[in-house]
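Dumped my_file_3.cif below, it's mmCIF, C-alpha atoms:
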data_entry
loop_
_atom_site.label_atom_id
_atom_site.label_comp_id
_atom_site.auth_asym_id
_atom_site.auth_seq_id
_atom_site.Cartn_x
_atom_site.Cartn_y
_atom_site.Cartn_z
CA MET A 74 -27.99 -30.26 11.15
CA PHE A 75 -28.87 -31.63 7.72
CA THR A 76 -31.14 -31.37 4.70
CA LEU A 77 -32.98 -34.05 2.78
CA ARG A 78 -33.25 -34.06 -1.00
CA PHE A 79 -35.74 -36.13 -2.96
CA ASP A 80 -35.80 -36.43 -6.75
CA MET A 81 -37.73 -39.73 -6.75
CA ARG A 82 -35.74 -41.60 -9.38
CA ALA A 83 -37.19 -45.12 -9.62
CA PRO A 84 -35.04 -47.14 -12.04
CA SER A 85 -35.70 -50.82 -12.62
CA ILE A 86 -32.96 -51.77 -10.14
CA GLY A 87 -34.70 -49.89 -7.34
CA ALA A 88 -37.99 -49.73 -5.48
CA PRO A 89 -41.27 -48.93 -7.27
CA PRO A 90 -42.47 -45.30 -7.28
CA THR A 91 -45.41 -45.88 -4.94
CA GLU A 92 -43.08 -47.24 -2.26
CA LEU A 93 -40.59 -44.39 -2.74
CA TYR A 94 -43.21 -41.63 -2.55
CA ALA A 95 -44.63 -43.07 0.66
CA ALA A 96 -41.14 -43.29 2.13
CA ALA A 97 -40.29 -39.68 1.23
CA SER A 98 -43.16 -38.32 3.33
CA GLU A 99 -42.39 -40.72 6.18
CA MET A 100 -38.71 -39.78 6.17
CA ALA A 101 -39.45 -36.06 6.13
CA ALA A 102 -41.85 -36.36 9.08
CA TRP A 103 -39.32 -38.46 11.03
CA ALA A 104 -36.35 -36.24 10.21
CA GLU A 105 -37.86 -32.88 11.18
CA THR A 106 -37.62 -33.81 14.88
CA ARG A 107 -34.02 -35.00 14.52
CA GLY A 108 -32.14 -32.02 13.16
CA CYS A 109 -33.36 -31.80 9.59
CA VAL A 110 -33.88 -28.15 8.65
CA ALA A 111 -35.25 -28.46 5.12
CA VAL A 112 -36.32 -30.85 2.43
CA VAL A 113 -35.35 -30.05 -1.16
CA LEU A 114 -37.60 -31.27 -3.99
CA CYS A 115 -36.23 -31.12 -7.52
CA GLU A 116 -38.00 -31.18 -10.89
CA HIS A 117 -37.39 -32.84 -14.24
CA HIS A 118 -39.61 -34.38 -16.91
CA CYS A 119 -39.61 -37.29 -19.37
CA ALA A 120 -36.95 -39.19 -17.44
CA ASP A 121 -36.83 -42.94 -18.02
CA ASP A 122 -36.48 -43.48 -14.28
CA GLY A 123 -39.45 -41.28 -13.37
CA TYR A 124 -37.57 -38.30 -11.91
CA LEU A 125 -39.99 -36.13 -9.93
CA PRO A 126 -42.07 -34.05 -12.39
CA SER A 127 -44.32 -32.41 -9.78
CA PRO A 128 -42.53 -30.99 -6.74
CA LEU A 129 -45.61 -29.01 -5.74
CA MET A 130 -47.63 -32.18 -5.32
CA LEU A 131 -44.98 -33.92 -3.25
CA GLY A 132 -44.41 -30.70 -1.33
CA ALA A 133 -48.07 -30.60 -0.34
CA ALA A 134 -47.92 -34.21 0.85
CA ILE A 135 -44.84 -33.53 2.97
CA ALA A 136 -46.25 -30.26 4.31
CA ALA A 137 -49.33 -32.12 5.54
CA ARG A 138 -47.13 -34.57 7.46
CA THR A 139 -44.82 -32.01 9.06
CA GLU A 140 -45.07 -28.95 11.28
CA GLN A 141 -41.79 -27.04 11.14
CA LEU A 142 -39.70 -28.46 8.30
CA MET A 143 -38.89 -25.95 5.57
CA LEU A 144 -39.70 -26.97 2.01
CA ASN A 145 -37.44 -25.81 -0.80
CA LEU A 146 -38.99 -26.52 -4.19
CA VAL A 147 -36.88 -26.32 -7.34
CA ILE A 148 -39.21 -25.18 -10.12
CA LEU A 149 -38.46 -25.00 -13.87
CA LEU A 150 -40.45 -21.84 -14.44
CA PRO A 151 -40.81 -21.76 -18.26
CA PHE A 152 -42.90 -24.96 -18.20
CA TYR A 153 -45.74 -23.52 -16.10
CA ASP A 154 -48.91 -21.63 -16.85
CA VAL A 155 -48.21 -18.68 -14.61
CA ALA A 156 -51.76 -18.28 -13.27
CA ARG A 157 -51.99 -21.96 -12.37
CA LEU A 158 -48.58 -21.89 -10.73
CA ALA A 159 -49.49 -18.83 -8.67
CA GLU A 160 -52.65 -20.54 -7.44
CA ASP A 161 -50.80 -23.73 -6.52
CA MET A 162 -48.10 -21.76 -4.71
CA SER A 163 -50.73 -19.83 -2.79
CA VAL A 164 -52.54 -22.98 -1.70
CA LEU A 165 -49.28 -24.65 -0.67
CA ASP A 166 -48.38 -21.51 1.29
CA HIS A 167 -51.50 -22.09 3.37
CA ILE A 168 -51.06 -25.86 3.70
CA SER A 169 -47.47 -25.40 4.85
CA ALA A 170 -48.19 -22.32 7.01
CA GLY A 171 -45.59 -20.39 5.03
CA ARG A 172 -42.84 -23.05 5.08
CA ALA A 173 -42.57 -23.53 1.29
CA THR A 174 -39.86 -21.57 -0.54
CA TYR A 175 -38.85 -21.71 -4.18
CA VAL A 176 -35.75 -21.82 -6.32
CA PHE A 177 -36.56 -21.13 -9.96
CA GLY A 178 -34.53 -22.25 -12.92
CA ILE A 179 -34.89 -22.48 -16.67
CA GLY A 180 -33.87 -26.09 -17.31
CA TYR A 181 -31.56 -27.36 -20.01
CA ARG A 182 -33.02 -30.51 -21.60
CA LYS A 183 -34.54 -30.16 -25.06
CA GLU A 184 -36.76 -33.20 -24.41
CA GLU A 185 -38.51 -31.31 -21.64
CA TYR A 186 -39.16 -28.27 -23.81
CA ASP A 187 -40.52 -30.54 -26.54
CA HIS A 188 -42.79 -32.16 -23.95
CA PHE A 189 -44.41 -28.79 -23.20
CA GLY A 190 -44.46 -27.59 -26.82
CA LEU A 191 -41.85 -24.92 -26.16
CA SER A 192 -38.56 -23.94 -27.77
CA VAL A 193 -35.46 -24.19 -25.63
CA SER A 194 -34.17 -21.06 -27.36
CA ASP A 195 -37.03 -19.11 -25.73
CA ARG A 196 -36.25 -20.23 -22.20
CA GLY A 197 -34.65 -17.01 -20.99
CA ARG A 198 -37.42 -14.83 -22.36
CA LEU A 199 -40.11 -17.11 -20.94
CA ALA A 200 -38.46 -17.14 -17.53
CA ASP A 201 -38.21 -13.36 -17.34
CA GLU A 202 -41.77 -12.85 -18.52
CA LYS A 203 -43.32 -15.45 -16.22
CA LEU A 204 -41.33 -14.39 -13.17
CA GLY A 205 -42.63 -10.85 -13.45
CA LEU A 206 -46.21 -11.98 -13.88
CA LEU A 207 -45.97 -14.50 -11.07
CA ARG A 208 -44.73 -11.95 -8.57
CA ARG A 209 -47.50 -9.52 -9.45
CA LEU A 210 -50.16 -12.21 -9.08
CA LEU A 211 -48.86 -13.37 -5.72
CA ALA A 212 -48.78 -9.76 -4.54
CA GLY A 213 -52.53 -9.52 -5.15
CA GLU A 214 -52.64 -7.69 -8.47
CA GLU A 215 -55.19 -8.37 -11.16
CA VAL A 216 -52.98 -8.84 -14.21
CA VAL A 217 -53.97 -8.43 -17.84
CA HIS A 218 -51.50 -10.02 -20.21
CA ALA A 219 -51.75 -11.32 -23.77
CA GLY A 220 -55.52 -11.06 -23.74
CA ARG A 221 -55.89 -12.83 -20.39
CA ARG A 222 -57.24 -11.37 -17.18
CA MET A 223 -55.69 -13.17 -14.21
CA ARG A 224 -56.35 -12.93 -10.48
CA VAL A 225 -55.26 -15.36 -7.77
CA THR A 226 -57.53 -16.41 -4.92
CA PRO A 227 -56.93 -17.10 -2.17
CA GLN A 228 -54.03 -14.78 -1.69
CA PRO A 229 -50.96 -16.38 -0.12
CA ARG A 230 -50.62 -16.52 3.64
CA THR A 231 -47.18 -14.91 3.26
CA PRO A 232 -47.41 -11.21 2.32
CA GLU A 233 -46.27 -10.68 -1.29
CA GLY A 234 -46.01 -14.45 -1.65
CA PRO A 235 -43.51 -17.13 -0.62
CA MET A 236 -39.77 -16.51 -0.63
CA MET A 237 -38.24 -16.95 -4.09
CA SER A 238 -34.66 -17.40 -5.25
CA TRP A 239 -33.02 -18.10 -8.57
CA GLY A 240 -30.84 -21.12 -9.32
CA GLY A 241 -28.39 -22.27 -11.96
CA ALA A 242 -24.67 -22.36 -12.50
CA SER A 243 -23.93 -19.51 -14.88
CA LEU A 244 -23.33 -15.78 -15.01
CA ALA A 245 -26.70 -15.40 -16.71
CA ALA A 246 -28.41 -17.06 -13.74
CA ALA A 247 -26.55 -14.79 -11.32
CA ARG A 248 -27.57 -11.70 -13.27
CA ARG A 249 -31.20 -12.82 -13.52
CA ALA A 250 -31.33 -13.28 -9.75
CA GLY A 251 -29.74 -9.90 -9.17
CA ARG A 252 -31.83 -7.80 -11.50
CA ASN A 253 -35.00 -9.26 -9.99
CA GLY A 254 -33.88 -8.73 -6.41
CA LEU A 255 -33.93 -12.45 -5.61
CA GLY A 256 -31.52 -14.57 -3.63
CA LEU A 257 -29.08 -16.77 -5.55
CA LEU A 258 -29.08 -20.49 -4.74
CA ALA A 259 -26.71 -21.86 -7.35
CA ASN A 260 -26.03 -25.53 -8.04
CA GLY A 261 -22.49 -24.86 -9.18
CA SER A 262 -19.84 -22.18 -9.46
CA VAL A 263 -18.29 -20.30 -12.36
CA PRO A 264 -15.75 -17.47 -12.02
CA GLY A 265 -17.39 -14.12 -11.38
CA MET A 266 -20.80 -15.38 -10.23
CA GLN A 267 -20.79 -13.52 -6.94
CA GLU A 268 -19.63 -10.29 -8.56
CA ALA A 269 -22.19 -10.61 -11.37
CA TYR A 270 -24.97 -11.17 -8.84
CA GLU A 271 -24.02 -8.30 -6.56
CA THR A 272 -23.54 -5.89 -9.45
CA ALA A 273 -26.90 -6.79 -11.01
CA CYS A 274 -28.62 -6.31 -7.65
CA ARG A 275 -27.21 -2.85 -7.10
CA GLU A 276 -27.70 -1.71 -10.69
CA ASN A 277 -31.39 -2.49 -10.28
CA GLY A 278 -31.84 -0.88 -6.88
CA PHE A 279 -31.56 -3.98 -4.66
CA GLU A 280 -29.21 -4.93 -1.90
CA PRO A 281 -27.74 -8.41 -2.50
CA GLY A 282 -29.72 -11.10 -0.71
CA PHE A 283 -28.98 -14.62 0.44
CA MET A 284 -26.38 -16.27 -1.77
CA LEU A 285 -25.18 -19.87 -1.88
CA ILE A 286 -22.61 -20.88 -4.49
CA PRO A 287 -21.35 -24.43 -3.81
CA GLU A 288 -17.88 -25.57 -4.71
CA ARG A 289 -17.48 -28.05 -7.55
CA ASP A 290 -16.40 -30.77 -5.13
CA ALA A 291 -19.30 -30.31 -2.69
CA ALA A 292 -20.84 -33.60 -1.54
CA THR A 293 -24.50 -33.58 -2.53
CA ASN A 294 -25.41 -37.17 -1.63
CA CYS A 295 -24.10 -38.27 1.79
CA PHE A 296 -24.51 -41.57 3.62
CA VAL A 297 -23.11 -42.91 6.89
CA ALA A 298 -22.18 -46.54 7.42
CA GLU A 299 -20.72 -48.77 10.12
CA ASP A 300 -18.83 -50.63 7.38
CA VAL A 301 -18.04 -48.41 4.38
CA ASP A 302 -16.94 -51.31 2.15
CA ALA A 303 -20.15 -53.22 2.84
CA ALA A 304 -22.19 -50.07 2.23
CA TRP A 305 -20.68 -49.54 -1.22
CA ASP A 306 -21.53 -53.17 -1.99
CA GLU A 307 -25.09 -52.61 -0.83
CA ILE A 308 -26.01 -49.20 -2.28
CA GLY A 309 -23.23 -48.43 -4.78
CA LYS A 310 -25.31 -49.44 -7.78
CA TYR A 311 -28.06 -46.97 -6.84
CA LEU A 312 -25.61 -44.14 -6.33
CA LEU A 313 -23.95 -44.93 -9.65
CA HIS A 314 -27.30 -44.86 -11.45
CA ASP A 315 -28.00 -41.41 -10.03
CA ALA A 316 -24.53 -40.16 -10.93
CA MET A 317 -24.58 -41.50 -14.48
CA ALA A 318 -28.10 -40.24 -15.15
CA TYR A 319 -27.08 -36.69 -14.29
CA SER A 320 -23.85 -36.93 -16.29
CA GLU A 321 -25.73 -38.20 -19.36
CA TRP A 322 -27.96 -35.13 -19.18
CA ASN A 323 -24.94 -32.86 -18.69
CA PRO A 324 -22.13 -34.21 -20.88
CA ASP A 325 -20.27 -30.90 -21.02
CA ASN A 326 -20.99 -29.66 -17.51
CA THR A 327 -17.80 -29.06 -15.54
CA VAL A 328 -19.18 -26.67 -12.92
CA SER A 329 -22.23 -28.20 -11.19
CA ALA A 330 -21.64 -29.87 -7.85
CA ASN A 331 -23.69 -32.99 -8.58
CA ILE A 332 -21.98 -33.95 -11.85
CA THR A 333 -19.30 -36.62 -12.08
CA THR A 334 -17.68 -38.53 -14.95
CA ALA A 335 -17.67 -41.82 -13.02
CA LYS A 336 -18.73 -44.88 -15.01
CA THR A 337 -18.16 -47.54 -12.36
CA ILE A 338 -18.84 -47.87 -8.65
CA ASP A 339 -15.11 -47.78 -7.90
CA GLU A 340 -14.67 -44.58 -9.93
CA LEU A 341 -17.58 -43.01 -8.08
CA ARG A 342 -16.14 -44.07 -4.74
CA TYR A 343 -12.51 -43.12 -5.24
CA ASN A 344 -12.50 -40.39 -7.89
CA SER A 345 -15.67 -38.40 -7.21
CA SER A 346 -16.92 -36.20 -4.38
CA SER A 347 -20.59 -36.00 -5.37
CA HIS A 348 -21.69 -39.27 -3.73
CA VAL A 349 -19.96 -40.17 -0.48
CA ILE A 350 -20.31 -42.85 2.17
CA LEU A 351 -18.65 -41.89 5.44
CA SER A 352 -17.70 -43.98 8.41
CA VAL A 353 -19.49 -43.18 11.64
CA ASP A 354 -16.31 -41.73 13.13
CA GLU A 355 -15.61 -39.48 10.12
CA ALA A 356 -19.21 -38.28 9.97
CA ARG A 357 -19.22 -37.55 13.69
CA LYS A 358 -16.08 -35.44 13.37
CA ARG A 359 -17.55 -33.45 10.50
CA VAL A 360 -20.82 -32.90 12.35
CA ALA A 361 -18.88 -31.68 15.39
CA ALA A 362 -17.02 -29.25 13.13
CA GLY A 363 -20.33 -27.71 12.09
CA GLU A 364 -20.74 -29.17 8.62
CA VAL A 365 -24.28 -29.18 7.24
CA PHE A 366 -24.91 -32.45 5.45
CA ASN A 367 -26.93 -32.96 2.29
CA LEU A 368 -28.67 -36.33 2.47
CA ASN A 369 -30.43 -38.04 -0.43
CA PRO A 370 -31.74 -41.14 1.34
CA LEU A 371 -33.65 -42.61 -1.62
CA CYS A 372 -30.88 -41.82 -4.12
CA GLY A 373 -31.20 -43.82 -7.32
CA GLY A 374 -34.30 -45.63 -6.07
CA ILE A 375 -32.72 -47.21 -2.98
CA PRO A 376 -35.45 -49.44 -1.48
CA PRO A 377 -36.75 -47.84 1.73
CA ALA A 378 -35.93 -50.91 3.82
CA ILE A 379 -32.28 -50.41 2.85
CA ALA A 380 -32.39 -46.60 3.02
CA TRP A 381 -33.85 -46.17 6.51
CA PRO A 382 -30.84 -47.51 8.48
CA TYR A 383 -28.50 -45.06 6.73
CA LEU A 384 -30.79 -42.12 7.54
CA LYS A 385 -31.26 -43.21 11.16
CA ARG A 386 -27.52 -43.77 11.60
CA PHE A 387 -26.80 -40.20 10.57
CA ALA A 388 -29.47 -38.76 12.85
CA GLU A 389 -28.02 -40.68 15.79
CA LEU A 390 -24.49 -39.27 15.39
CA GLY A 391 -24.96 -36.51 17.91
#
Once more with this new file: its structure as structure tokens, please.
Amino acid sequence: MFTLRFDMRAPSIGAPPTELYAAASEMAAWAETRGCVAVVLCEHHCADDGYLPSPLMLGAAIAARTEQLMLNLVILLPFYDVARLAEDMSVLDHISAGRATYVFGIGYRKEEYDHFGLSVSDRGRLADEKLGLLRRLLAGEEVVHAGRRMRVTPQPRTPEGPMMSWGGASLAAARRAGRNGLGLLANGSVPGMQEAYETACRENGFEPGFMLIPERDAATNCFVAEDVDAAWDEIGKYLLHDAMAYSEWNPDNTVSANITTAKTIDELRYNSSSHVILSVDEARKRVAAGEVFNLNPLCGGIPPAIAWPYLKRFAELG
């Protein structure tokens, strides 16, 4: 059992975006019949390497190519016009027959807030305000807010709208999830997150929902190779680009699972747990033990011709 994650980085060392986007849909369609349970689509803006800015668009493309694969879209809520987002979510709910779910976050890069003409200092307020409006719109309400009259048609296929969770790696994120009665799908762990989430849920009349808080050393980008040394020679530069890009955005982050301080391929290989290449034997043992693997087959813009054998090798382990 495994998940796929796509963030569509396309640095100059990798494949062009058109080739990567085509491959993402092909890989998702192929993988859903081979043990893949979900595809995760992440969002960022203004990235030099073209990091995916529109998970809803890619989600619709993948939904049209698949029949049972769950879609988990990571959405930076403050950046959206809430009426437009509600409409897009409703349409995707129909296209996917209810398979699209959402993890909301508030983001952390000032460049992105500048891009949308917003202040990063307002991100918490914007998130709270827009989440409340979004849920009312998806539940079928006509909402009047700030001089606007908003109503979403068609209504979602899923009653009350698609499943929503909150993400992040902070006590504030845990409390925001709890007080809104959402699940918590964190991308890192800080002391007290579970307690903060459960307390906020109960103080606001909710029972705690689904909660996932990964350990700091969780592997978020897994590959399987016949020859591990040769694999690092082949794809190490792409994995290092991905790792360094995230670390440059998060210079002080010591809690998120995908962040490493590696500056060289050897450091990434030997001193980090975020990007791993396993031998077939090791991967087979871990699959047999019940581990759920997080695969990022196009990590760092890996050309699809190179990426496909790694994905197929994992799927053939069983």
Trp381 (chain A): which residues within 12 Å, counting only C-alpha atoms, same-chain residues fewer than 5 positions away excluded, as JSON, numbers by chain?
{"A": [93, 96, 97, 99, 100, 101, 103, 104, 296, 297, 298, 368, 369, 370, 371, 372, 375, 376, 386, 387, 388]}
Draw an axis-aligned box tight on the listed atoms of region 289-304 of chain A, then pad every side by 8 Å and write out centre and edge lengths in Å to one decimal as JSON.
{"center_x": -20.9, "center_y": -40.6, "center_z": 1.3, "size_x": 25.0, "size_y": 41.2, "size_z": 33.7}
Could you check which of A:Val225, A:Ala316, A:Ala292, A:Met237 is closest to Gly261 (chain A), using all atoms listed in the file?
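The closest residue to Gly261 (chain A) is A:Ala292.
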Shell around Arg172 (chain A) at 7 Å using only C-alpha atoms, local window under 6 positions removed, as number ranges by chain
A: 143-144, 166
So that I can see what lies close to Phe279 (chain A), please list as number ranges by chain the residues with an atom at most 10 Å from it, counting all atoms listed in the file and leaving out residues fewer than 3 positions away in the same chain.
A: 251-255, 271-276, 282
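With all atoms listed in the file as the atoms that count, the minimum distance from Leu384 (chain A) to the choices A:Met81, A:Met317, A:Ile286, A:Cys109 is reached by A:Cys109.
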Can you work out which one of A:Gly240, A:Gly108, A:Pro324, A:Gly87 has the shortest atom-to-atom distance to Phe366 (chain A), counting only C-alpha atoms?
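For Phe366 (chain A), the nearest of the candidates is A:Gly108.
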